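Enquirer: If it helps, the file is called structure-v4.txt and holds compact mmCIF, C-alpha atoms and all ligand atoms:
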```txt
# COMPACT_ATOMS: atom_id res chain seq x y z
CA MET A 1 37.12 -44.84 63.07
CA LYS A 2 34.36 -42.29 62.59
CA LEU A 3 31.18 -43.59 60.95
CA LYS A 4 30.05 -41.92 57.74
CA ARG A 5 26.42 -40.96 58.16
CA ASN A 6 25.53 -39.49 54.80
CA LYS A 7 24.31 -42.54 52.93
CA SER A 8 21.11 -42.79 50.89
CA ILE A 9 18.57 -45.52 50.17
CA GLY A 10 18.59 -46.49 46.49
CA ILE A 11 15.39 -47.58 44.77
CA PHE A 12 15.63 -49.20 41.37
CA ASP A 13 13.03 -50.09 38.77
CA SER A 14 13.09 -50.76 35.04
CA GLY A 15 10.94 -47.63 34.59
CA PHE A 16 8.80 -45.26 36.63
CA GLY A 17 6.46 -47.94 38.09
CA GLY A 18 8.74 -48.33 41.10
CA LEU A 19 7.87 -44.78 42.07
CA ASN A 20 4.68 -46.04 43.66
CA ILE A 21 6.78 -48.36 45.83
CA MET A 22 9.01 -45.39 46.67
CA LYS A 23 5.92 -43.28 47.45
CA GLU A 24 4.82 -45.74 50.13
CA ILE A 25 8.37 -46.13 51.49
CA VAL A 26 8.78 -42.35 51.74
CA LYS A 27 5.39 -42.06 53.46
CA GLU A 28 6.47 -44.62 56.06
CA LEU A 29 10.11 -43.46 56.39
CA PRO A 30 10.20 -39.78 55.35
CA GLU A 31 13.37 -38.76 57.19
CA TYR A 32 15.84 -40.68 54.99
CA ASP A 33 17.54 -39.60 51.73
CA TYR A 34 16.52 -41.46 48.58
CA VAL A 35 18.04 -41.93 45.12
CA TYR A 36 15.66 -43.40 42.54
CA LEU A 37 16.84 -44.93 39.28
CA GLY A 38 14.48 -45.89 36.43
CA ASP A 39 16.09 -47.65 33.48
CA THR A 40 13.63 -46.13 31.00
CA ALA A 41 16.06 -46.55 28.09
CA ARG A 42 15.65 -50.33 28.37
CA VAL A 43 12.16 -50.78 29.85
CA PRO A 44 10.29 -53.17 29.68
CA TYR A 45 12.40 -55.91 31.28
CA GLY A 46 9.39 -58.25 31.40
CA GLY A 47 9.99 -60.07 28.10
CA ARG A 48 13.80 -60.24 28.32
CA SER A 49 16.00 -63.20 29.22
CA LYS A 50 17.33 -63.79 32.72
CA GLU A 51 20.92 -63.17 31.57
CA VAL A 52 20.12 -59.79 30.02
CA VAL A 53 18.09 -58.68 33.06
CA TYR A 54 20.99 -59.69 35.34
CA ASP A 55 23.45 -57.54 33.36
CA PHE A 56 21.08 -54.54 33.49
CA VAL A 57 20.52 -54.91 37.22
CA LYS A 58 24.27 -55.16 37.84
CA GLU A 59 24.76 -51.81 36.11
CA ALA A 60 21.93 -50.24 38.07
CA VAL A 61 23.36 -51.51 41.36
CA ASP A 62 26.82 -50.14 40.46
CA PHE A 63 25.31 -46.76 39.60
CA LEU A 64 23.41 -46.50 42.87
CA PHE A 65 26.34 -47.61 45.02
CA LYS A 66 28.57 -45.07 43.22
CA ASN A 67 25.95 -42.48 44.05
CA ASN A 68 26.33 -42.97 47.73
CA CYS A 69 23.63 -45.54 48.46
CA GLU A 70 24.14 -47.96 51.31
CA LEU A 71 21.12 -50.10 50.68
CA ILE A 72 19.21 -50.73 47.45
CA ILE A 73 15.61 -51.84 47.07
CA VAL A 74 15.07 -53.55 43.74
CA ALA A 75 11.45 -52.47 43.34
CA CYS A 76 11.10 -54.23 39.98
CA ASN A 77 9.54 -57.72 40.27
CA THR A 78 11.16 -58.94 37.07
CA ALA A 79 14.59 -57.82 38.26
CA SER A 80 13.98 -59.25 41.75
CA SER A 81 12.91 -62.57 40.17
CA ASP A 82 15.64 -62.89 37.55
CA ALA A 83 18.66 -61.26 39.13
CA LEU A 84 18.44 -60.59 42.85
CA HIS A 85 19.71 -63.92 44.13
CA LYS A 86 22.82 -63.81 41.91
CA ILE A 87 23.43 -60.15 42.73
CA GLN A 88 23.37 -60.98 46.45
CA GLN A 89 25.49 -64.11 46.10
CA GLU A 90 28.09 -62.88 43.59
CA HIS A 91 28.04 -59.20 42.72
CA LEU A 92 27.76 -57.95 46.30
CA LYS A 93 31.15 -59.49 47.18
CA LYS A 94 32.59 -56.34 45.58
CA TYR A 95 30.79 -54.13 48.09
CA LYS A 96 31.56 -54.68 51.73
CA ASN A 97 28.62 -54.11 54.10
CA LYS A 98 26.21 -52.97 51.37
CA LYS A 99 22.81 -54.57 50.92
CA VAL A 100 20.40 -55.19 48.06
CA LEU A 101 16.83 -56.25 48.85
CA GLY A 102 13.92 -57.19 46.59
CA VAL A 103 10.13 -57.15 46.64
CA ILE A 104 9.11 -60.79 46.17
CA ILE A 105 9.89 -62.17 49.66
CA PRO A 106 8.19 -59.34 51.62
CA VAL A 107 5.07 -59.65 49.49
CA VAL A 108 4.98 -63.44 49.80
CA GLU A 109 5.42 -63.25 53.58
CA HIS A 110 2.56 -60.78 53.86
CA THR A 111 0.22 -62.60 51.46
CA SER A 112 0.69 -65.98 53.13
CA LEU A 113 -0.85 -64.46 56.28
CA ILE A 114 -3.78 -62.96 54.36
CA THR A 115 -5.09 -65.88 52.31
CA LYS A 116 -7.73 -67.94 54.08
CA ASN A 117 -8.45 -70.63 51.50
CA LYS A 118 -4.75 -70.85 50.52
CA ARG A 119 -5.49 -70.16 46.86
CA VAL A 120 -3.53 -67.15 45.61
CA GLY A 121 -3.41 -65.57 42.16
CA VAL A 122 -0.35 -63.67 40.91
CA ILE A 123 -0.36 -61.39 37.88
CA ALA A 124 3.06 -60.31 36.64
CA THR A 125 5.32 -59.96 33.60
CA GLU A 126 6.32 -62.98 31.54
CA GLY A 127 9.81 -62.88 33.07
CA THR A 128 8.49 -63.00 36.62
CA VAL A 129 6.04 -65.80 35.83
CA LEU A 130 8.66 -67.88 34.00
CA SER A 131 11.16 -67.48 36.84
CA LYS A 132 8.61 -69.12 39.21
CA SER A 133 9.91 -66.83 41.94
CA PHE A 134 6.47 -66.37 43.54
CA PRO A 135 5.51 -70.10 43.68
CA ARG A 136 9.01 -70.93 44.94
CA GLU A 137 8.92 -68.41 47.80
CA PHE A 138 5.33 -69.32 48.77
CA SER A 139 6.22 -73.02 48.91
CA LYS A 140 9.12 -72.26 51.28
CA LEU A 141 6.69 -70.63 53.71
CA ASP A 142 3.63 -72.81 53.38
CA SER A 143 3.52 -75.72 50.94
CA ASP A 144 -0.30 -75.89 51.23
CA ILE A 145 -0.71 -72.56 49.44
CA LYS A 146 -1.63 -73.04 45.78
CA ILE A 147 -0.37 -70.38 43.37
CA PHE A 148 -2.05 -69.55 40.08
CA GLN A 149 0.07 -67.27 37.93
CA LYS A 150 -0.92 -65.27 34.89
CA ALA A 151 1.51 -63.32 32.72
CA CYS A 152 -0.02 -60.07 31.48
CA PRO A 153 2.40 -58.82 28.79
CA LEU A 154 0.04 -56.17 27.40
CA LEU A 155 -0.38 -54.23 30.62
CA VAL A 156 3.03 -52.55 30.96
CA PRO A 157 3.04 -51.17 27.37
CA ILE A 158 -0.50 -49.80 27.88
CA ILE A 159 0.52 -48.09 31.12
CA GLU A 160 3.79 -46.81 29.61
CA ALA A 161 1.71 -45.29 26.81
CA GLY A 162 -0.46 -43.53 29.40
CA GLU A 163 -3.55 -45.42 28.18
CA HIS A 164 -4.48 -47.18 31.41
CA ASN A 165 -7.87 -45.44 31.61
CA SER A 166 -8.98 -46.73 28.23
CA LEU A 167 -11.88 -49.08 27.56
CA TRP A 168 -9.59 -51.65 25.98
CA THR A 169 -7.73 -51.89 29.29
CA ASP A 170 -10.99 -53.17 30.85
CA LEU A 171 -11.36 -55.78 28.12
CA ILE A 172 -7.76 -56.93 28.43
CA LEU A 173 -8.03 -57.16 32.22
CA GLU A 174 -11.24 -59.20 31.96
CA ASN A 175 -9.46 -61.57 29.65
CA TYR A 176 -6.37 -61.92 31.82
CA LEU A 177 -8.26 -62.28 35.10
CA ARG A 178 -11.08 -64.58 34.01
CA GLU A 179 -9.16 -67.83 34.42
CA LEU A 180 -7.71 -66.80 37.80
CA ILE A 181 -11.16 -65.98 39.16
CA LYS A 182 -12.35 -69.43 38.05
CA LYS A 183 -9.62 -70.97 40.24
CA ASP A 184 -11.46 -69.72 43.33
CA ILE A 185 -8.55 -67.56 44.55
CA ASP A 186 -9.27 -65.39 47.61
CA THR A 187 -6.17 -63.18 47.18
CA LEU A 188 -4.56 -61.61 44.13
CA VAL A 189 -0.99 -60.29 44.15
CA LEU A 190 -0.21 -57.41 41.79
CA GLY A 191 3.28 -58.72 41.06
CA CYS A 192 4.48 -55.85 38.91
CA THR A 193 5.32 -52.28 39.85
CA HIS A 194 3.10 -50.83 37.14
CA TYR A 195 -0.15 -52.57 38.07
CA ARG A 196 -0.93 -50.43 41.12
CA ILE A 197 -2.30 -47.77 38.77
CA LEU A 198 -4.86 -50.35 37.56
CA GLU A 199 -5.95 -51.44 41.04
CA LYS A 200 -9.46 -49.95 40.80
CA LYS A 201 -10.07 -51.47 37.40
CA ILE A 202 -8.75 -54.82 38.61
CA LYS A 203 -11.11 -54.68 41.62
CA ASN A 204 -14.02 -53.99 39.27
CA VAL A 205 -13.25 -57.27 37.51
CA THR A 206 -12.41 -59.45 40.51
CA GLY A 207 -15.21 -58.19 42.79
CA LYS A 208 -15.12 -57.64 46.54
CA LYS A 209 -14.45 -61.23 47.59
CA ILE A 210 -10.90 -61.28 46.27
CA LYS A 211 -8.35 -59.34 48.33
CA ILE A 212 -5.87 -57.37 46.25
CA ILE A 213 -2.26 -57.12 47.45
CA SER A 214 -0.37 -54.16 46.01
CA GLU A 215 3.25 -54.09 46.92
CA GLY A 216 4.12 -50.54 48.03
CA LYS A 217 2.72 -50.55 51.55
CA VAL A 218 3.91 -54.10 52.20
CA VAL A 219 7.49 -53.31 51.12
CA ALA A 220 7.48 -50.07 53.16
CA ASP A 221 6.36 -51.87 56.35
CA LYS A 222 8.93 -54.62 55.86
CA LEU A 223 11.72 -52.07 55.33
CA LYS A 224 10.75 -50.30 58.55
CA ASP A 225 10.95 -53.61 60.33
CA TYR A 226 14.30 -54.39 58.64
CA PHE A 227 15.79 -51.16 60.01
CA LYS A 228 14.73 -52.14 63.53
CA ARG A 229 16.61 -55.42 63.11
CA HIS A 230 19.62 -53.92 61.30
CA LYS A 231 20.70 -50.91 63.30
CA GLU A 232 24.18 -51.11 61.79
CA ILE A 233 22.69 -50.09 58.44
CA GLU A 234 20.06 -47.70 59.72
CA LYS A 235 22.56 -45.64 61.71
CA VAL A 236 24.75 -44.76 58.71
CA LEU A 237 21.81 -43.48 56.66
CA SER A 238 21.48 -39.77 56.16
CA LYS A 239 18.25 -38.21 57.43
CA LYS A 240 17.90 -34.97 55.52
CA GLY A 241 14.73 -35.95 53.63
CA LYS A 242 16.40 -35.57 50.20
CA ARG A 243 14.90 -37.18 47.08
CA GLU A 244 16.74 -37.58 43.79
CA PHE A 245 15.25 -39.06 40.62
CA ASN A 246 17.31 -40.45 37.74
CA SER A 247 16.29 -41.85 34.39
CA THR A 248 18.40 -43.47 31.67
CA ASP A 249 16.31 -41.92 28.87
CA THR A 250 14.54 -38.66 28.11
CA ILE A 251 12.97 -37.13 31.16
CA ASP A 252 9.74 -35.53 29.87
CA LYS A 253 7.56 -38.64 29.90
CA PHE A 254 9.23 -39.85 33.06
CA GLU A 255 8.42 -36.59 34.85
CA LYS A 256 4.81 -36.61 33.62
CA LEU A 257 3.85 -40.22 34.32
CA GLY A 258 6.31 -40.60 37.17
CA SER A 259 4.64 -37.73 39.03
CA LYS A 260 1.35 -39.68 38.81
CA PHE A 261 3.00 -42.77 40.27
CA PHE A 262 4.82 -40.81 42.97
CA GLY A 263 1.82 -38.67 43.82
CA GLU A 264 3.68 -35.36 43.55
CA LYS A 265 5.68 -33.45 40.95
CA ILE A 266 9.20 -34.76 40.48
CA LYS A 267 12.33 -33.33 38.85
CA VAL A 268 14.32 -35.96 36.96
CA LYS A 269 17.96 -36.10 35.86
CA LYS A 270 19.06 -38.07 32.80
CA VAL A 271 22.00 -40.38 33.57
CA LYS A 272 24.18 -42.94 31.81
CA ILE A 273 24.70 -46.24 33.61
CA ASN A 274 26.47 -48.38 31.00
N1 LIG B 301 9.06 -53.09 36.69
C1 LIG B 301 8.64 -54.31 36.07
C2 LIG B 301 8.15 -55.30 37.11
O1 LIG B 301 7.79 -54.95 38.21
C3 LIG B 301 7.56 -54.08 35.05
C4 LIG B 301 8.01 -53.36 33.83
C5 LIG B 301 8.97 -54.14 32.96
O2 LIG B 301 8.56 -55.12 32.30
O3 LIG B 301 10.12 -53.75 32.96
O4 LIG B 301 8.11 -56.47 36.83
```
Can I see the file as structure tokens?

Expert:
Amino acid sequence: MKLKRNKSIGIFDSGFGGLNIMKEIVKELPEYDYVYLGDTARVPYGGRSKEVVYDFVKEAVDFLFKNNCELIIVACNTASSDALHKIQQEHLKKYKNKKVLGVIIPVVEHTSLITKNKRVGVIATEGTVLSKSFPREFSKLDSDIKIFQKACPLLVPIIEAGEHNSLWTDLILENYLRELIKKDIDTLVLGCTHYRILEKKIKNVTGKKIKIISEGKVVADKLKDYFKRHKEIEKVLSKKGKREFNSTDTIDKFEKLGSKFFGEKIKVKKVKIN
């Protein structure tokens, strides 16, 4: 049987934050075709229940597989925390040979090699923190690593409103980060797609001694490595350098803020996934 070689890589996030993960992936692996989906009609996922997030992610996965994706990266931390395991164990049975990967495990693997004093801070949405996905994955790798989590529910709405450069963002960050700094962490994971845009401001608060881990580059490197180990997937992927961007709500804001996250102008299509 002849192999079909026209398959894309799907990247999914609750909104446009995942575009900075896609930016790093595309930088590392430019030859492949990509289909991005941002569920802007239902963002933020961060304060929603596990069950609701699972149903949303299932619809996103179905959409991307229907749109010719062979492999999906769930760039959203909340979705990776609340839904990925069940998607892989149950929902994927419907799709022979297709794969869905998340962001938590690659970031945990990377961070566990970076921390020297084995005291790591994680900032994320409420959903991600409540799921305990980060502490769970760290403890599987190295039970000596101590994790200090802090949910930062105000950050995503501020970023979605395009107000991340405001003075009140500095105040909010100081408040959120103060208790983590007191825990003597040497590494801080930005466990949410949106926070990359705040990296400079976060560094201003944490100072030089704390190493900041933002996810894009880590996920891109791990995906490159994954393709080396999984030639059966890599070889069916199309290499025409195509990029397609989809949003479940109006596209104006998505194009404007999304272009900032992606680092270049993007053209977005509005789609229905449920
Ligand atoms: N994409 C989500 C994450 O990485 C943040 C936005 C949301 O709450 O949906 O956790």

Enquirer: List the spatial neighbours of Lys209 of chain A as a list in words - criterion: any atom at most 9 Å away, only C-alpha atoms, same-chain residues fewer than 3 positions off excluded.

Expert: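 Residues meeting the cut-off are Asp186, Thr187 and Thr206 of chain A.
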
Enquirer: For Lys242 of chain A, find every residue with an atom within 7 Å (counting all atoms listed in the file), except residues of its own chain fewer than 2 positions away, and show them as a list in words.

Expert: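 Result of the neighbour search: Asp33, Tyr34, Lys240 and Glu244 of chain A.
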
Enquirer: Residues of chain A within 6 Å of ligand LIG 301 (chain B): nearest atom pair and distance (Å, one decimal) for each, counting all atoms listed in the file, sorted by chain and number, as a tab-separated table?

Expert:
```
residue	atom	partner	partner_atom	distance
A:Asp13	CA	B:LIG301	N1	5.4
A:Ser14	CA	B:LIG301	O3	4.7
A:Gly17	CA	B:LIG301	N1	5.9
A:Val43	CA	B:LIG301	O3	4.8
A:Pro44	CA	B:LIG301	O3	3.3
A:Tyr45	CA	B:LIG301	O3	3.6
A:Gly46	CA	B:LIG301	O2	3.4
A:Cys76	CA	B:LIG301	O1	3.8
A:Asn77	CA	B:LIG301	O1	3.9
A:Thr78	CA	B:LIG301	O4	3.9
A:Thr125	CA	B:LIG301	O4	5.5
A:Val156	CA	B:LIG301	C4	5.8
A:Cys192	CA	B:LIG301	O1	3.5
A:Thr193	CA	B:LIG301	O1	4.0
A:His194	CA	B:LIG301	C3	5.9
```

Enquirer: Using only C-alpha atoms, which of the listed residues (A:Val205, A:Val129, A:Ile147, A:Ala124) sits closest to Asp170 of chain A?

Expert: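 Looking only at the distances to Asp170 of chain A, the closest residue turns out to be A:Val205.
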
Enquirer: Using only C-alpha atoms and a cutoff of 10 Å, can you tell me which residues are near (-0.7, -60.8, 52.0) in the file's coordinates, and write them out as a PyMOL selection string?

Expert: chain A and resi 106-115+120+187-189+211-215+218

Enquirer: Do you know which residues are at most 12 Å from Glu264 of chain A counting all atoms listed in the file, after dropping those on the same chain fewer than 3 positions away, and could you put them as a ChimeraX atom specification?

Expert: /A:19-20,22-23,26,243,255-261,267

Enquirer: Please reconstruct the missing atoms of segment 175-189 of chain A (target: N, CA and C atoms) and return them as an mmCIF file, in the coordinates of the input.

Expert:
```
data_model
loop_
_atom_site.group_PDB
_atom_site.id
_atom_site.type_symbol
_atom_site.label_atom_id
_atom_site.label_comp_id
_atom_site.auth_asym_id
_atom_site.auth_seq_id
_atom_site.Cartn_x
_atom_site.Cartn_y
_atom_site.Cartn_z
ATOM 1 N N ASN A 175 -10.035 -60.390 30.285
ATOM 2 C CA ASN A 175 -9.460 -61.570 29.650
ATOM 3 C C ASN A 175 -8.380 -62.227 30.501
ATOM 4 N N TYR A 176 -7.476 -61.394 31.011
ATOM 5 C CA TYR A 176 -6.370 -61.920 31.820
ATOM 6 C C TYR A 176 -6.866 -62.527 33.138
ATOM 7 N N LEU A 177 -7.886 -61.883 33.737
ATOM 8 C CA LEU A 177 -8.260 -62.280 35.100
ATOM 9 C C LEU A 177 -9.292 -63.409 35.147
ATOM 10 N N ARG A 178 -9.988 -63.601 34.035
ATOM 11 C CA ARG A 178 -11.080 -64.580 34.010
ATOM 12 C C ARG A 178 -10.648 -65.948 34.553
ATOM 13 N N GLU A 179 -9.525 -66.460 34.009
ATOM 14 C CA GLU A 179 -9.160 -67.830 34.420
ATOM 15 C C GLU A 179 -8.697 -67.897 35.879
ATOM 16 N N LEU A 180 -8.120 -66.806 36.387
ATOM 17 C CA LEU A 180 -7.710 -66.800 37.800
ATOM 18 C C LEU A 180 -8.932 -66.818 38.716
ATOM 19 N N ILE A 181 -9.940 -66.033 38.341
ATOM 20 C CA ILE A 181 -11.160 -65.980 39.160
ATOM 21 C C ILE A 181 -11.803 -67.370 39.224
ATOM 22 N N LYS A 182 -11.773 -68.068 38.104
ATOM 23 C CA LYS A 182 -12.350 -69.430 38.050
ATOM 24 C C LYS A 182 -11.642 -70.391 38.995
ATOM 25 N N LYS A 183 -10.404 -70.084 39.356
ATOM 26 C CA LYS A 183 -9.620 -70.970 40.240
ATOM 27 C C LYS A 183 -9.985 -70.780 41.711
ATOM 28 N N ASP A 184 -10.976 -69.935 41.968
ATOM 29 C CA ASP A 184 -11.460 -69.720 43.330
ATOM 30 C C ASP A 184 -10.380 -69.116 44.249
ATOM 31 N N ILE A 185 -9.562 -68.231 43.707
ATOM 32 C CA ILE A 185 -8.550 -67.560 44.550
ATOM 33 C C ILE A 185 -9.262 -66.601 45.504
ATOM 34 N N ASP A 186 -8.691 -66.416 46.717
ATOM 35 C CA ASP A 186 -9.270 -65.390 47.610
ATOM 36 C C ASP A 186 -8.357 -64.170 47.714
ATOM 37 N N THR A 187 -7.144 -64.273 47.114
ATOM 38 C CA THR A 187 -6.170 -63.180 47.180
ATOM 39 C C THR A 187 -5.470 -63.072 45.837
ATOM 40 N N LEU A 188 -5.254 -61.820 45.400
ATOM 41 C CA LEU A 188 -4.560 -61.610 44.130
ATOM 42 C C LEU A 188 -3.391 -60.656 44.341
ATOM 43 N N VAL A 189 -2.187 -61.128 44.006
ATOM 44 C CA VAL A 189 -0.990 -60.290 44.150
ATOM 45 C C VAL A 189 -0.752 -59.532 42.845
#
```
